[in-house]
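Asks: Sharing start-v3.pdb below, PDB, C-alpha atoms, pLDDT in the B column:
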MODEL        1
ATOM      1  CA  MET A1068       0.000   0.000   0.000  1.00 91.00           C
ATOM      2  CA  GLU A1069       1.285   3.452  -0.928  1.00 96.00           C
ATOM      3  CA  VAL A1070       1.325   5.708   2.159  1.00 98.00           C
ATOM      4  CA  HIS A1071       2.567   9.295   2.220  1.00 98.00           C
ATOM      5  CA  HIS A1072       3.386  11.289   5.369  1.00 98.00           C
ATOM      6  CA  VAL A1073       1.908  14.598   4.219  1.00 97.00           C
ATOM      7  CA  THR A1074       2.835  16.631   7.322  1.00 97.00           C
ATOM      8  CA  GLU A1075       6.437  15.413   7.462  1.00 94.00           C
ATOM      9  CA  ASP A1076       7.801  18.880   6.641  1.00 91.00           C
ATOM     10  CA  ALA A1077       5.406  20.821   8.905  1.00 93.00           C
ATOM     11  CA  GLU A1078       7.076  23.743  10.702  1.00 90.00           C
ATOM     12  CA  THR A1079       4.446  23.995  13.436  1.00 90.00           C
ATOM     13  CA  PHE A1080       3.106  21.386  15.871  1.00 93.00           C
ATOM     14  CA  THR A1081       0.760  18.870  14.300  1.00 96.00           C
ATOM     15  CA  CYS A1082      -0.002  15.196  14.473  1.00 97.00           C
ATOM     16  CA  ASN A1083       1.272  13.032  11.658  1.00 97.00           C
ATOM     17  CA  VAL A1084      -1.192  12.919   8.780  1.00 98.00           C
ATOM     18  CA  PHE A1085      -0.989   9.951   6.437  1.00 98.00           C
ATOM     19  CA  LEU A1086      -2.403   9.632   2.928  1.00 98.00           C
ATOM     20  CA  ALA A1087      -3.076   6.050   1.858  1.00 98.00           C
ATOM     21  CA  VAL A1088      -3.454   5.968  -1.923  1.00 98.00           C
ATOM     22  CA  GLY A1089      -5.386   3.197  -3.604  1.00 96.00           C
ATOM     23  CA  GLU A1090      -8.842   1.854  -4.293  1.00 95.00           C
ATOM     24  CA  ARG A1091     -10.175   4.096  -1.524  1.00 98.00           C
ATOM     25  CA  THR A1092      -7.743   6.977  -1.123  1.00 98.00           C
ATOM     26  CA  THR A1093      -7.902   7.840   2.559  1.00 98.00           C
ATOM     27  CA  LEU A1094      -6.464  10.461   4.862  1.00 98.00           C
ATOM     28  CA  VAL A1095      -5.794   9.264   8.409  1.00 98.00           C
ATOM     29  CA  ASP A1096      -6.326  12.322  10.639  1.00 98.00           C
ATOM     30  CA  ALA A1097      -6.234  15.921   9.409  1.00 98.00           C
ATOM     31  CA  GLY A1098      -3.641  17.660  11.567  1.00 97.00           C
ATOM     32  CA  THR A1099      -3.045  21.351  12.137  1.00 97.00           C
ATOM     33  CA  MET A1100      -0.652  22.215   9.312  1.00 97.00           C
ATOM     34  CA  ASP A1101      -1.522  25.225   7.204  1.00 95.00           C
ATOM     35  CA  GLY A1102      -1.416  24.206   3.567  1.00 95.00           C
ATOM     36  CA  ILE A1103      -2.519  20.635   4.213  1.00 97.00           C
ATOM     37  CA  VAL A1104      -4.750  20.698   1.114  1.00 98.00           C
ATOM     38  CA  GLU A1105      -1.846  21.714  -1.098  1.00 97.00           C
ATOM     39  CA  ALA A1106       0.333  19.024   0.476  1.00 97.00           C
ATOM     40  CA  ILE A1107      -2.296  16.385  -0.299  1.00 98.00           C
ATOM     41  CA  ARG A1108      -2.633  17.625  -3.894  1.00 98.00           C
ATOM     42  CA  GLU A1109       1.056  16.938  -4.460  1.00 97.00           C
ATOM     43  CA  TYR A1110       0.043  13.260  -4.523  1.00 98.00           C
ATOM     44  CA  VAL A1111      -3.632  13.027  -5.504  1.00 98.00           C
ATOM     45  CA  ASP A1112      -6.443  15.105  -6.954  1.00 97.00           C
ATOM     46  CA  ASP A1113      -9.143  13.668  -4.720  1.00 97.00           C
ATOM     47  CA  VAL A1114      -9.613  12.066  -1.302  1.00 98.00           C
ATOM     48  CA  ASP A1115     -12.395   9.524  -0.829  1.00 98.00           C
ATOM     49  CA  ALA A1116     -12.364   9.377   2.966  1.00 98.00           C
ATOM     50  CA  VAL A1117     -10.905  10.770   6.158  1.00 98.00           C
ATOM     51  CA  VAL A1118     -10.553   8.485   9.166  1.00 98.00           C
ATOM     52  CA  LEU A1119     -10.033  10.113  12.559  1.00 98.00           C
ATOM     53  CA  THR A1120      -8.122   8.154  15.183  1.00 98.00           C
ATOM     54  CA  HIS A1121      -9.468  10.623  17.767  1.00 98.00           C
ATOM     55  CA  GLN A1122     -10.548  14.223  17.984  1.00 97.00           C
ATOM     56  CA  HIS A1123      -7.839  16.048  19.920  1.00 96.00           C
ATOM     57  CA  GLY A1124      -7.181  19.415  18.320  1.00 94.00           C
ATOM     58  CA  ASP A1125      -3.859  18.450  16.774  1.00 96.00           C
ATOM     59  CA  HIS A1126      -5.670  15.728  14.820  1.00 97.00           C
ATOM     60  CA  VAL A1127      -8.751  17.606  13.586  1.00 98.00           C
ATOM     61  CA  GLU A1128      -7.962  21.321  13.257  1.00 98.00           C
ATOM     62  CA  GLN A1129      -7.653  21.164   9.452  1.00 98.00           C
ATOM     63  CA  LEU A1130     -10.572  18.784   8.922  1.00 98.00           C
ATOM     64  CA  GLU A1131     -12.838  21.598   7.769  1.00 98.00           C
ATOM     65  CA  ALA A1132     -10.339  22.687   5.113  1.00 98.00           C
ATOM     66  CA  VAL A1133      -9.917  19.094   3.913  1.00 98.00           C
ATOM     67  CA  CYS A1134     -13.680  18.625   3.710  1.00 98.00           C
ATOM     68  CA  GLU A1135     -14.181  21.867   1.809  1.00 98.00           C
ATOM     69  CA  ALA A1136     -11.518  20.860  -0.711  1.00 98.00           C
ATOM     70  CA  PHE A1137     -12.366  17.194  -1.280  1.00 98.00           C
ATOM     71  CA  ASP A1138     -15.835  16.492   0.207  1.00 98.00           C
ATOM     72  CA  PRO A1139     -14.742  13.093   1.566  1.00 98.00           C
ATOM     73  CA  ASP A1140     -16.651  10.681   3.727  1.00 98.00           C
ATOM     74  CA  VAL A1141     -15.563  11.285   7.335  1.00 98.00           C
ATOM     75  CA  TYR A1142     -15.271   8.355   9.717  1.00 98.00           C
ATOM     76  CA  ALA A1143     -15.092   8.972  13.473  1.00 98.00           C
ATOM     77  CA  TYR A1144     -15.943   7.082  16.646  1.00 98.00           C
ATOM     78  CA  ALA A1145     -17.495  10.078  18.423  1.00 98.00           C
ATOM     79  CA  HIS A1146     -19.776  12.784  17.078  1.00 97.00           C
ATOM     80  CA  HIS A1147     -18.271  15.496  14.903  1.00 97.00           C
ATOM     81  CA  PRO A1148     -20.242  17.959  12.758  1.00 97.00           C
ATOM     82  CA  ARG A1149     -18.418  16.641   9.689  1.00 97.00           C
ATOM     83  CA  ARG A1150     -18.794  12.970  10.504  1.00 98.00           C
ATOM     84  CA  THR A1151     -20.671  10.976   7.850  1.00 98.00           C
ATOM     85  CA  ASP A1152     -19.954   7.465   9.149  1.00 98.00           C
ATOM     86  CA  VAL A1153     -19.649   6.073  12.667  1.00 98.00           C
ATOM     87  CA  LEU A1154     -16.623   3.912  13.440  1.00 98.00           C
ATOM     88  CA  GLU A1155     -17.495   0.914  15.575  1.00 98.00           C
ATOM     89  CA  ASP A1156     -15.168  -1.465  17.360  1.00 98.00           C
ATOM     90  CA  GLY A1157     -14.596  -4.604  15.299  1.00 98.00           C
ATOM     91  CA  GLU A1158     -15.882  -3.311  11.983  1.00 98.00           C
ATOM     92  CA  ALA A1159     -13.862  -3.469   8.767  1.00 98.00           C
ATOM     93  CA  ILE A1160     -12.983  -0.368   6.783  1.00 98.00           C
ATOM     94  CA  THR A1161     -11.012   0.002   3.549  1.00 98.00           C
ATOM     95  CA  ILE A1162      -8.018   2.344   3.714  1.00 98.00           C
ATOM     96  CA  GLY A1163      -6.061   2.620   0.486  1.00 98.00           C
ATOM     97  CA  ASP A1164      -6.054  -0.936  -0.849  1.00 96.00           C
ATOM     98  CA  GLU A1165      -6.345  -2.848   2.417  1.00 97.00           C
ATOM     99  CA  SER A1166      -9.090  -3.873   4.806  1.00 98.00           C
ATOM    100  CA  PHE A1167      -8.489  -2.634   8.353  1.00 98.00           C
ATOM    101  CA  GLU A1168     -10.162  -3.671  11.578  1.00 98.00           C
ATOM    102  CA  VAL A1169     -11.243  -0.854  13.883  1.00 98.00           C
ATOM    103  CA  VAL A1170      -9.941  -1.442  17.412  1.00 98.00           C
ATOM    104  CA  TYR A1171     -11.366   0.815  20.137  1.00 98.00           C
ATOM    105  CA  THR A1172      -8.326   1.950  22.166  1.00 98.00           C
ATOM    106  CA  PRO A1173      -9.256   4.612  24.747  1.00 98.00           C
ATOM    107  CA  GLY A1174      -7.041   5.876  27.575  1.00 96.00           C
ATOM    108  CA  HIS A1175      -5.325   8.751  25.809  1.00 95.00           C
ATOM    109  CA  ALA A1176      -8.715   9.871  24.480  1.00 96.00           C
ATOM    110  CA  ASP A1177     -12.198   8.484  25.121  1.00 96.00           C
ATOM    111  CA  ASP A1178     -12.910   8.240  21.384  1.00 97.00           C
ATOM    112  CA  HIS A1179      -9.573   6.764  20.316  1.00 98.00           C
ATOM    113  CA  VAL A1180      -9.414   3.992  17.718  1.00 98.00           C
ATOM    114  CA  SER A1181      -6.532   2.175  16.095  1.00 98.00           C
ATOM    115  CA  LEU A1182      -6.691   0.593  12.654  1.00 98.00           C
ATOM    116  CA  VAL A1183      -4.953  -2.671  11.850  1.00 98.00           C
ATOM    117  CA  SER A1184      -4.659  -4.784   8.702  1.00 98.00           C
ATOM    118  CA  ASP A1185      -2.626  -7.888   7.897  1.00 97.00           C
ATOM    119  CA  THR A1186       0.423  -5.682   7.234  1.00 97.00           C
ATOM    120  CA  THR A1187      -0.135  -2.232   8.705  1.00 98.00           C
ATOM    121  CA  LEU A1188      -1.051  -0.433  11.919  1.00 98.00           C
ATOM    122  CA  PHE A1189      -2.340   3.121  12.139  1.00 98.00           C
ATOM    123  CA  SER A1190      -1.969   3.515  15.904  1.00 98.00           C
ATOM    124  CA  GLY A1191      -2.902   7.155  16.425  1.00 98.00           C
ATOM    125  CA  ASP A1192      -1.529   8.171  19.833  1.00 96.00           C
ATOM    126  CA  VAL A1193      -2.079   4.933  21.762  1.00 96.00           C
ATOM    127  CA  VAL A1194       1.351   3.560  20.747  1.00 96.00           C
ATOM    128  CA  VAL A1195       4.182   5.513  19.141  1.00 95.00           C
ATOM    129  CA  HIS A1196       7.549   4.312  17.877  1.00 93.00           C
ATOM    130  CA  ASP A1197       9.676   7.278  18.979  1.00 92.00           C
ATOM    131  CA  ASP A1198       8.262  10.579  20.209  1.00 86.00           C
ATOM    132  CA  GLY A1199      10.989  12.330  22.182  1.00 81.00           C
ATOM    133  CA  ALA A1200       9.934  10.709  25.446  1.00 84.00           C
ATOM    134  CA  PHE A1201      11.125   7.215  24.478  1.00 87.00           C
ATOM    135  CA  ASP A1202      13.141   6.123  21.457  1.00 86.00           C
ATOM    136  CA  TYR A1203      11.550   2.709  20.876  1.00 92.00           C
ATOM    137  CA  GLY A1204       8.066   1.844  22.000  1.00 93.00           C
ATOM    138  CA  SER A1205       6.287   4.826  23.519  1.00 93.00           C
ATOM    139  CA  PHE A1206       2.639   5.374  24.397  1.00 93.00           C
ATOM    140  CA  GLY A1207       0.071   8.173  24.550  1.00 91.00           C
ATOM    141  CA  ARG A1208       0.200  10.619  27.436  1.00 89.00           C
ATOM    142  CA  THR A1209      -2.282  10.026  30.233  1.00 89.00           C
ATOM    143  CA  ASP A1210      -1.549  12.899  32.622  1.00 84.00           C
ATOM    144  CA  MET A1211      -4.322  15.267  31.511  1.00 85.00           C
ATOM    145  CA  ALA A1212      -7.967  15.444  32.566  1.00 84.00           C
ATOM    146  CA  GLY A1213     -10.094  12.602  31.226  1.00 86.00           C
ATOM    147  CA  GLN A1214      -7.112  10.374  30.473  1.00 91.00           C
ATOM    148  CA  SER A1215      -6.308   7.047  32.146  1.00 93.00           C
ATOM    149  CA  ARG A1216      -3.068   5.041  32.227  1.00 93.00           C
ATOM    150  CA  GLU A1217      -4.999   1.960  33.351  1.00 95.00           C
ATOM    151  CA  ARG A1218      -7.397   2.194  30.421  1.00 97.00           C
ATOM    152  CA  LEU A1219      -4.508   2.817  28.036  1.00 96.00           C
ATOM    153  CA  ILE A1220      -2.780  -0.350  29.246  1.00 97.00           C
ATOM    154  CA  GLU A1221      -5.968  -2.336  28.619  1.00 97.00           C
ATOM    155  CA  SER A1222      -6.185  -0.816  25.128  1.00 98.00           C
ATOM    156  CA  ILE A1223      -2.616  -1.785  24.237  1.00 98.00           C
ATOM    157  CA  GLU A1224      -3.287  -5.325  25.470  1.00 98.00           C
ATOM    158  CA  GLU A1225      -6.436  -5.472  23.313  1.00 98.00           C
ATOM    159  CA  LEU A1226      -4.508  -4.163  20.321  1.00 98.00           C
ATOM    160  CA  LEU A1227      -1.887  -6.898  20.737  1.00 98.00           C
ATOM    161  CA  GLU A1228      -4.572  -9.577  20.943  1.00 98.00           C
ATOM    162  CA  ARG A1229      -6.170  -8.433  17.708  1.00 98.00           C
ATOM    163  CA  MET A1230      -3.063  -7.538  15.705  1.00 97.00           C
ATOM    164  CA  PRO A1231      -1.991 -10.149  13.132  1.00 95.00           C
ATOM    165  CA  ALA A1232       1.522 -11.557  13.493  1.00 91.00           C
ATOM    166  CA  GLY A1233       2.732 -10.189  10.156  1.00 92.00           C
ATOM    167  CA  VAL A1234       2.226  -6.462  10.750  1.00 98.00           C
ATOM    168  CA  GLU A1235       5.407  -4.697   9.639  1.00 98.00           C
ATOM    169  CA  HIS A1236       4.386  -1.070   9.010  1.00 98.00           C
ATOM    170  CA  MET A1237       3.422   1.311  11.824  1.00 98.00           C
ATOM    171  CA  TYR A1238       2.115   4.821  11.230  1.00 98.00           C
ATOM    172  CA  ALA A1239       1.606   6.618  14.539  1.00 98.00           C
ATOM    173  CA  GLY A1240       0.155  10.011  15.381  1.00 97.00           C
ATOM    174  CA  HIS A1241       3.548  11.391  16.416  1.00 95.00           C
ATOM    175  CA  GLY A1242       7.204  10.477  15.962  1.00 93.00           C
ATOM    176  CA  GLY A1243       8.681   8.511  13.129  1.00 94.00           C
ATOM    177  CA  VAL A1244       7.258   5.900  10.795  1.00 96.00           C
ATOM    178  CA  PHE A1245       8.413   2.376  11.680  1.00 97.00           C
ATOM    179  CA  HIS A1246       8.980  -0.606   9.404  1.00 97.00           C
ATOM    180  CA  GLY A1247       9.887  -3.919  10.992  1.00 97.00           C
ATOM    181  CA  ASP A1248       8.618  -5.971  13.914  1.00 97.00           C
ATOM    182  CA  VAL A1249       5.647  -3.833  14.941  1.00 98.00           C
ATOM    183  CA  ARG A1250       4.560  -6.312  17.600  1.00 97.00           C
ATOM    184  CA  ASP A1251       7.872  -5.819  19.414  1.00 97.00           C
ATOM    185  CA  VAL A1252       7.391  -2.049  19.432  1.00 97.00           C
ATOM    186  CA  VAL A1253       3.868  -2.395  20.832  1.00 97.00           C
ATOM    187  CA  GLU A1254       4.981  -4.922  23.449  1.00 97.00           C
ATOM    188  CA  THR A1255       7.795  -2.573  24.524  1.00 96.00           C
ATOM    189  CA  ALA A1256       5.303   0.272  24.880  1.00 95.00           C
ATOM    190  CA  LEU A1257       3.058  -1.937  26.983  1.00 96.00           C
ATOM    191  CA  GLU A1258       5.937  -2.907  29.295  1.00 95.00           C
ATOM    192  CA  ARG A1259       6.834   0.762  29.810  1.00 92.00           C
ATOM    193  CA  ALA A1260       3.240   1.723  30.490  1.00 92.00           C
ATOM    194  CA  GLU A1261       2.852  -1.141  32.979  1.00 93.00           C
ATOM    195  CA  ARG A1262       5.976  -0.001  34.838  1.00 89.00           C
ATOM    196  CA  ARG A1263       4.235   3.371  35.185  1.00 78.00           C
ATOM    197  CA  GLU A1264       7.176   5.114  33.568  1.00 73.00           C
ATOM    198  CA  PRO A1265       6.285   8.817  33.265  1.00 72.00           C
ATOM    199  CA  LYS A1266       6.326  10.242  29.763  1.00 73.00           C
ATOM    200  CA  TYR A1267       7.107  13.718  31.035  1.00 64.00           C
ATOM    201  CA  PRO A1268       9.091  14.869  34.106  1.00 61.00           C
ATOM    202  CA  GLU A1269       6.067  16.573  35.669  1.00 59.00           C
ATOM    203  CA  GLU A1270       3.741  13.582  35.213  1.00 51.00           C
TER     204      GLU A1270
ENDMDL
END
Translate this file's structure into structure tokens.
Replies:
Amino acid sequence: MEVHHVTEDAETFTCNVFLAVGERTTLVDAGTMDGIVEAIREYVDDVDAVVLTHQHGDHVEQLEAVCEAFDPDVYAYAHHPRRTDVLEDGEAITIGDESFEVVYTPGHADDHVSLVSDTTLFSGDVVVHDDGAFDYGSFGRTDMAGQSRERLIESIEELLERMPAGVEHMYAGHGGVFHGDVRDVVETALERAERREPKYPEE
């Protein structure tokens, strides 16, 4: 599957936004980067769908601009004025050329979902490869109101149970893209979370 990191060169804070090109060209999250529409148009003329991993501001700020430009279907777990389709735990959704299972993974956000296929994981913020806090196997912050480390741990465990053995591409909401043994990265993140390692000094 052809996946482009369209916010890779962003100069301001944003989540990672990924464009999966294929049978159903799909944007995973919308980010905060000014010029996101132009960045998308460097690769494609149209976007069929946007899938939101969750609705924190750094993931949805530019959704309106994306919708105005491409009029895509918008998939989200929780209500959003632009949502056209509800994501439900366990359902299948096509992203690019692959079928992904929706895995409900709250803890960092109440509406958080991850998306996993036979080869690829879009993990949002529940698990991250490297994000400045940890270099290999990090996890979403849980030190703000409404967040829960315990629930996040349960979500990572659920993700591991439902993730096929052959997943080798991981596209997370922050940090770098990872290609390799994704299960090992997720297991490392789980071990860190279970040890209650703080992500930030003040946590």
Asks: Can you tell me, as a list of chain:residue names, what residues are no more than 7 Å from segment 1079-1096 of chain A when counting all atoms listed in the file, ignoring any on the same chain fewer than 6 positions away?
Replies: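 Returned residues: A:Glu1069, A:Val1070, A:His1071, A:His1072, A:Val1073, A:Val1114, A:Asp1115, A:Ala1116, A:Val1117, A:Val1118, A:Leu1119, A:Thr1120, A:Asp1125, A:His1126, A:Val1127, A:Thr1161, A:Ile1162, A:Gly1163, A:Asp1164, A:Gly1240, A:His1241.
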Asks: For the residues in the current selection, export C-alpha atoms as a PDB file, in the frame of the given file.
Replies:
ATOM      1  CA  GLU A1069       1.285   3.452  -0.928  1.00 96.00           C
ATOM      2  CA  VAL A1070       1.325   5.708   2.159  1.00 98.00           C
ATOM      3  CA  HIS A1071       2.567   9.295   2.220  1.00 98.00           C
ATOM      4  CA  HIS A1072       3.386  11.289   5.369  1.00 98.00           C
ATOM      5  CA  VAL A1073       1.908  14.598   4.219  1.00 97.00           C
ATOM      6  CA  VAL A1114      -9.613  12.066  -1.302  1.00 98.00           C
ATOM      7  CA  ASP A1115     -12.395   9.524  -0.829  1.00 98.00           C
ATOM      8  CA  ALA A1116     -12.364   9.377   2.966  1.00 98.00           C
ATOM      9  CA  VAL A1117     -10.905  10.770   6.158  1.00 98.00           C
ATOM     10  CA  VAL A1118     -10.553   8.485   9.166  1.00 98.00           C
ATOM     11  CA  LEU A1119     -10.033  10.113  12.559  1.00 98.00           C
ATOM     12  CA  THR A1120      -8.122   8.154  15.183  1.00 98.00           C
ATOM     13  CA  ASP A1125      -3.859  18.450  16.774  1.00 96.00           C
ATOM     14  CA  HIS A1126      -5.670  15.728  14.820  1.00 97.00           C
ATOM     15  CA  VAL A1127      -8.751  17.606  13.586  1.00 98.00           C
ATOM     16  CA  THR A1161     -11.012   0.002   3.549  1.00 98.00           C
ATOM     17  CA  ILE A1162      -8.018   2.344   3.714  1.00 98.00           C
ATOM     18  CA  GLY A1163      -6.061   2.620   0.486  1.00 98.00           C
ATOM     19  CA  ASP A1164      -6.054  -0.936  -0.849  1.00 96.00           C
ATOM     20  CA  GLY A1240       0.155  10.011  15.381  1.00 97.00           C
ATOM     21  CA  HIS A1241       3.548  11.391  16.416  1.00 95.00           C
TER      22      HIS A1241
END
Asks: Go through A:Val1104, A:Met1211, A:Val1193, A:Val1253 and flag the residue nearest His1121 of chain A, using all atoms listed in the file for the distances.
Replies: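 Under the stated criterion, the closest residue is A:Val1193.
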Asks: In terms of the shortest atom-to-atom distance over only C-alpha atoms, which of A:Ala1159, A:Ala1143, A:Ile1220, A:Ala1097 is closest to His1179 of chain A?
Replies: A:Ala1143
Asks: Restricting the calculation to only C-alpha atoms, which member of A:Met1100, A:Ala1106, A:Leu1188, A:Val1170 is positioned closest to Met1068 of chain A?
Replies: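 Of all the options, A:Leu1188 lies closest to Met1068 of chain A.
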Asks: If we count all atoms listed in the file and set the cut-off at 9 Å, which residues sit around Tyr1171 of chain A, ignoring sequence neighbours fewer than 5 positions away in its own chain? Please answer as a ChimeraX atom specification.
Replies: /A:1144,1155-1157,1178-1182,1222,1225-1226
Asks: Kindly give the distance, in Å, that separates atom CA of Cys1134 of chain A and atom CA of Glu1109 of chain A, rounded to a single decimal.
Replies: 16.9 Å
Asks: Taking the file above as input, evaluate the PyMOL selection byres ((chain A and resi 1262-1266) around 12) and report the hits as a PDB file with C-alpha atoms, keeping the file's coordinate frame.
Replies:
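Result saved to selection_19.pdb:
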ATOM      1  CA  VAL A1195       4.182   5.513  19.141  1.00 95.00           C
ATOM      2  CA  ASP A1197       9.676   7.278  18.979  1.00 92.00           C
ATOM      3  CA  ASP A1198       8.262  10.579  20.209  1.00 86.00           C
ATOM      4  CA  GLY A1199      10.989  12.330  22.182  1.00 81.00           C
ATOM      5  CA  ALA A1200       9.934  10.709  25.446  1.00 84.00           C
ATOM      6  CA  PHE A1201      11.125   7.215  24.478  1.00 87.00           C
ATOM      7  CA  ASP A1202      13.141   6.123  21.457  1.00 86.00           C
ATOM      8  CA  GLY A1204       8.066   1.844  22.000  1.00 93.00           C
ATOM      9  CA  SER A1205       6.287   4.826  23.519  1.00 93.00           C
ATOM     10  CA  PHE A1206       2.639   5.374  24.397  1.00 93.00           C
ATOM     11  CA  GLY A1207       0.071   8.173  24.550  1.00 91.00           C
ATOM     12  CA  ARG A1208       0.200  10.619  27.436  1.00 89.00           C
ATOM     13  CA  THR A1209      -2.282  10.026  30.233  1.00 89.00           C
ATOM     14  CA  ASP A1210      -1.549  12.899  32.622  1.00 84.00           C
ATOM     15  CA  MET A1211      -4.322  15.267  31.511  1.00 85.00           C
ATOM     16  CA  SER A1215      -6.308   7.047  32.146  1.00 93.00           C
ATOM     17  CA  ARG A1216      -3.068   5.041  32.227  1.00 93.00           C
ATOM     18  CA  GLU A1217      -4.999   1.960  33.351  1.00 95.00           C
ATOM     19  CA  LEU A1219      -4.508   2.817  28.036  1.00 96.00           C
ATOM     20  CA  ILE A1220      -2.780  -0.350  29.246  1.00 97.00           C
ATOM     21  CA  THR A1255       7.795  -2.573  24.524  1.00 96.00           C
ATOM     22  CA  ALA A1256       5.303   0.272  24.880  1.00 95.00           C
ATOM     23  CA  LEU A1257       3.058  -1.937  26.983  1.00 96.00           C
ATOM     24  CA  GLU A1258       5.937  -2.907  29.295  1.00 95.00           C
ATOM     25  CA  ARG A1259       6.834   0.762  29.810  1.00 92.00           C
ATOM     26  CA  ALA A1260       3.240   1.723  30.490  1.00 92.00           C
ATOM     27  CA  GLU A1261       2.852  -1.141  32.979  1.00 93.00           C
ATOM     28  CA  TYR A1267       7.107  13.718  31.035  1.00 64.00           C
ATOM     29  CA  PRO A1268       9.091  14.869  34.106  1.00 61.00           C
ATOM     30  CA  GLU A1269       6.067  16.573  35.669  1.00 59.00           C
ATOM     31  CA  GLU A1270       3.741  13.582  35.213  1.00 51.00           C
TER      32      GLU A1270
END
Asks: Determine, counting only C-alpha atoms, which protein, DNA and RNA residues have an atom within 8 Å of an atom of Arg1150 of chain A; residues of the same chain fewer than 5 positions away are not included. Present the result as an MDAnalysis selection string.
Replies: chainID A and resid 1140:1143
Asks: Excluding segment 1244-1246 of chain A and residues on its chain fewer than 5 positions from it, collect all residues at most 7 Å away from it, counting all atoms listed in the file, and give them as a PyMOL selection string.
Replies: chain A and resi 1196+1235-1239
Asks: Out of A:Glu1168, A:Pro1231, A:Val1153, A:Thr1074, which residue has the shortest atom-to-atom distance to Gln1129 of chain A when counting all atoms listed in the file?
Replies: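 Once distances to Gln1129 of chain A are computed over all atoms listed in the file, the minimum belongs to A:Thr1074.
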Asks: Which value, in Å to one decimal, gives the distance between atom CA of Ile1223 of chain A and atom CA of Asp1177 of chain A?
Replies: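 Atom CA of Asp1177 of chain A lies 14.1 Å from atom CA of Ile1223 of chain A.
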Asks: Between A:Thr1187, A:Gly1174, A:Asp1152, A:Asp1192, which residue has the minimum interatomic distance to Glu1221 of chain A, considering all atoms listed in the file?
Replies: A:Gly1174
Asks: Could you check which of A:Val1234, A:Asp1138, A:Val1111, A:Ala1132 is closest to Phe1167 of chain A, using only C-alpha atoms?
Replies: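 The closest residue to Phe1167 of chain A is A:Val1234.
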Asks: By how many Å are atom CA of Tyr1110 of chain A and atom CA of Leu1130 of chain A apart?
Replies: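 Between atom CA of Tyr1110 of chain A and atom CA of Leu1130 of chain A the gap is 18.0 Å.
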Asks: Given 5 Å on each side, where is the centre and what are the edge lengths in Å to one decimal of the axis-aligned box enclosing the listed atoms of segment 1148-1153 of chain A, as lines of an AutoDock Vina configuration file?
Replies:
center_x = -19.5
center_y = 12.0
center_z = 10.3
size_x = 12.3
size_y = 21.9
size_z = 14.9
